[in-house]
>>> print(open('my_file_16.cif').read())   # mmCIF, C-alpha atoms
data_query
loop_
_atom_site.label_atom_id
_atom_site.label_comp_id
_atom_site.auth_asym_id
_atom_site.auth_seq_id
_atom_site.Cartn_x
_atom_site.Cartn_y
_atom_site.Cartn_z
CA GLY A 1 0.00 0.00 0.00
CA LEU A 2 0.89 3.64 0.27
CA ASP A 3 2.81 3.03 3.49
CA SER A 4 5.30 0.80 1.62
CA VAL A 5 5.72 3.37 -1.15
CA LEU A 6 6.30 6.16 1.37
CA ALA A 7 8.88 4.10 3.23
CA GLU A 8 10.77 3.47 -0.03
CA LEU A 9 10.60 7.08 -1.23
CA LYS A 10 11.85 8.44 2.11
CA PRO A 11 10.34 11.92 1.72
CA THR A 12 11.76 14.79 3.77
CA LYS A 13 9.98 15.98 6.89
CA ALA A 14 8.95 19.12 5.00
CA GLN A 15 7.39 17.01 2.23
CA VAL A 16 5.55 14.81 4.73
CA ASN A 17 4.13 17.87 6.49
CA ALA A 18 3.25 19.87 3.36
CA ALA A 19 -0.39 20.81 3.34
CA ASN A 20 -2.87 21.82 0.71
CA GLY A 21 -5.62 22.33 3.25
CA ARG A 22 -4.73 19.08 5.04
CA THR A 23 -1.53 17.10 5.52
CA LEU A 24 -1.01 13.50 4.41
CA LEU A 25 -1.25 12.48 8.09
CA GLN A 26 -4.61 14.21 8.49
CA ILE A 27 -6.00 12.50 5.39
CA ALA A 28 -4.69 9.04 6.32
CA ALA A 29 -5.87 9.30 9.94
CA THR A 30 -9.40 10.41 9.09
CA LYS A 31 -9.72 7.59 6.56
CA GLY A 32 -8.49 4.98 9.05
CA HIS A 33 -5.27 3.98 7.25
CA LEU A 34 -3.36 2.64 10.26
CA PHE A 35 -0.13 1.53 8.54
CA THR A 36 0.12 4.75 6.53
CA VAL A 37 -0.30 6.82 9.71
CA SER A 38 2.40 4.77 11.43
CA THR A 39 4.77 5.23 8.48
CA LEU A 40 4.10 8.97 8.27
CA LEU A 41 4.82 9.38 11.99
CA ARG A 42 8.11 7.50 11.57
CA LEU A 43 8.97 9.84 8.68
CA GLY A 44 8.41 12.92 10.87
CA ALA A 45 4.77 13.82 10.34
CA GLU A 46 3.62 16.32 12.95
CA PRO A 47 0.15 15.58 14.36
CA GLN A 48 -0.07 19.01 16.01
CA ILE A 49 -0.36 20.76 12.62
CA GLN A 50 -3.96 21.93 12.39
CA PRO A 51 -5.94 21.75 9.14
CA ILE A 52 -6.59 25.09 7.45
CA LYS A 53 -10.31 24.36 7.61
CA GLY A 54 -12.03 21.61 9.46
CA THR A 55 -11.87 19.57 12.61
CA PRO A 56 -8.75 19.11 14.78
CA LEU A 57 -6.94 15.86 13.98
CA LEU A 58 -7.52 13.91 17.21
CA PHE A 59 -11.25 14.58 17.07
CA ALA A 60 -11.51 13.96 13.31
CA THR A 61 -9.76 10.62 13.72
CA LEU A 62 -12.67 9.31 15.79
CA LEU A 63 -15.41 10.37 13.37
CA LEU A 64 -17.02 7.45 11.56
CA PRO A 65 -19.11 7.30 8.41
CA ILE A 66 -22.71 6.19 8.88
CA SER A 67 -21.93 2.88 7.22
CA HIS A 68 -18.80 1.33 8.71
CA ASP A 69 -17.49 -2.00 9.91
CA ALA A 70 -15.89 -3.09 13.17
CA SER A 71 -12.40 -3.13 11.68
CA LEU A 72 -12.61 0.59 10.87
CA ILE A 73 -13.53 1.34 14.48
CA GLN A 74 -10.54 -0.66 15.71
CA ARG A 75 -8.14 0.98 13.25
CA LYS A 76 -9.34 4.47 14.16
CA GLU A 77 -9.01 3.73 17.89
CA ASN A 78 -5.44 2.54 17.30
CA ILE A 79 -4.66 5.64 15.23
CA TYR A 80 -6.09 7.85 17.96
CA ARG A 81 -3.83 6.22 20.56
CA MET A 82 -0.78 6.61 18.29
CA LEU A 83 -1.52 10.27 17.67
CA GLN A 84 -2.28 10.95 21.32
CA LYS A 85 1.19 9.68 22.28
CA GLN A 86 2.76 12.01 19.68
CA THR A 87 0.76 15.11 20.62
CA PRO A 88 2.07 17.27 23.48
CA ASN A 89 -0.43 18.05 26.24
#
>>> encode(input="my_file_16.cif", output="structure tokens")
Amino acid sequence: GLDSVLAELKPTKAQVNAANGRTLLQIAATKGHLFTVSTLLRLGAEPQIQPIKGTPLLFATLLLPISHDASLIQRKENIYRMLQKQTPN
């Protein structure tokens, strides 16, 4: 998946945190892409960067579509915990 491609490309921290409204981390987290979030954090993604418009990342991570399955809930909970550890109080 995208996480493998990112790991191979080894983008700079600036590239990982570049935003066009939202960062790659914000997009991956809100969509529930656990391995991509993990890879982005290892590459230096900064969870404290706020989206230009929209909901703060930790809150947005827990939002679910009306139609979802149990695995999405579990992935999003895991992502939330990962991000919470990376976000200063």
>>> resolve_selection(input="my_file_16.cif", expression="the PyMOL selection byres ((chain A and resi 28-40) around 8)", output="list in words")
Leu2, Asp3, Leu6, Ala7, Val16, Leu24, Leu25, Gln26, Ile27, Leu41, Arg42, Leu43, Gly44, Ala45, Leu57, Ala60, Thr61, Leu62, Leu63, Leu72, Arg75, Lys76, Asn78, Ile79 and Met82 of chain A
>>> write_last_selection(input="my_file_16.cif", atoms="C-alpha atoms", output="PDB file, keeping the file's coordinate frame")
ATOM      1  CA  LEU A   2       0.890   3.640   0.270  1.00  0.00           C
ATOM      2  CA  ASP A   3       2.810   3.030   3.490  1.00  0.00           C
ATOM      3  CA  LEU A   6       6.300   6.160   1.370  1.00  0.00           C
ATOM      4  CA  ALA A   7       8.880   4.100   3.230  1.00  0.00           C
ATOM      5  CA  VAL A  16       5.550  14.810   4.730  1.00  0.00           C
ATOM      6  CA  LEU A  24      -1.010  13.500   4.410  1.00  0.00           C
ATOM      7  CA  LEU A  25      -1.250  12.480   8.090  1.00  0.00           C
ATOM      8  CA  GLN A  26      -4.610  14.210   8.490  1.00  0.00           C
ATOM      9  CA  ILE A  27      -6.000  12.500   5.390  1.00  0.00           C
ATOM     10  CA  LEU A  41       4.820   9.380  11.990  1.00  0.00           C
ATOM     11  CA  ARG A  42       8.110   7.500  11.570  1.00  0.00           C
ATOM     12  CA  LEU A  43       8.970   9.840   8.680  1.00  0.00           C
ATOM     13  CA  GLY A  44       8.410  12.920  10.870  1.00  0.00           C
ATOM     14  CA  ALA A  45       4.770  13.820  10.340  1.00  0.00           C
ATOM     15  CA  LEU A  57      -6.940  15.860  13.980  1.00  0.00           C
ATOM     16  CA  ALA A  60     -11.510  13.960  13.310  1.00  0.00           C
ATOM     17  CA  THR A  61      -9.760  10.620  13.720  1.00  0.00           C
ATOM     18  CA  LEU A  62     -12.670   9.310  15.790  1.00  0.00           C
ATOM     19  CA  LEU A  63     -15.410  10.370  13.370  1.00  0.00           C
ATOM     20  CA  LEU A  72     -12.610   0.590  10.870  1.00  0.00           C
ATOM     21  CA  ARG A  75      -8.140   0.980  13.250  1.00  0.00           C
ATOM     22  CA  LYS A  76      -9.340   4.470  14.160  1.00  0.00           C
ATOM     23  CA  ASN A  78      -5.440   2.540  17.300  1.00  0.00           C
ATOM     24  CA  ILE A  79      -4.660   5.640  15.230  1.00  0.00           C
ATOM     25  CA  MET A  82      -0.780   6.610  18.290  1.00  0.00           C
TER      26      MET A  82
END
>>> atom_distance(input="my_file_16.cif", atom1="atom CA of A:Ile49", atom2="atom CA of A:Gln86")
11.7 Å
>>> residues_around(input="my_file_16.cif", residues="A:Lys53", least_positions_apart="5", cutoff="12 Å", atoms="only C-alpha atoms", output="ChimeraX atom specification")
/A:19-23,26,60
>>> atom_distance(input="my_file_16.cif", atom1="atom CA of A:Pro56", atom2="atom CA of A:Asn17")
15.4 Å
>>> atom_distance(input="my_file_16.cif", atom1="atom CA of A:Thr87", atom2="atom CA of A:Glu8")
25.7 Å
>>> closest_residue(input="my_file_16.cif", among="A:Leu9, A:Leu58, A:Ala14, A:Ile52", to="A:Gln84", atoms="all atoms listed in the file")
A:Leu58
>>> axis_aligned_box(input="my_file_16.cif", around="stretch 11-16 of chain A", padding_each_side="8 Å", output="AutoDock Vina command-line options")
--center_x 8.7 --center_y 15.5 --center_z 4.3 --size_x 22.2 --size_y 23.2 --size_z 21.2
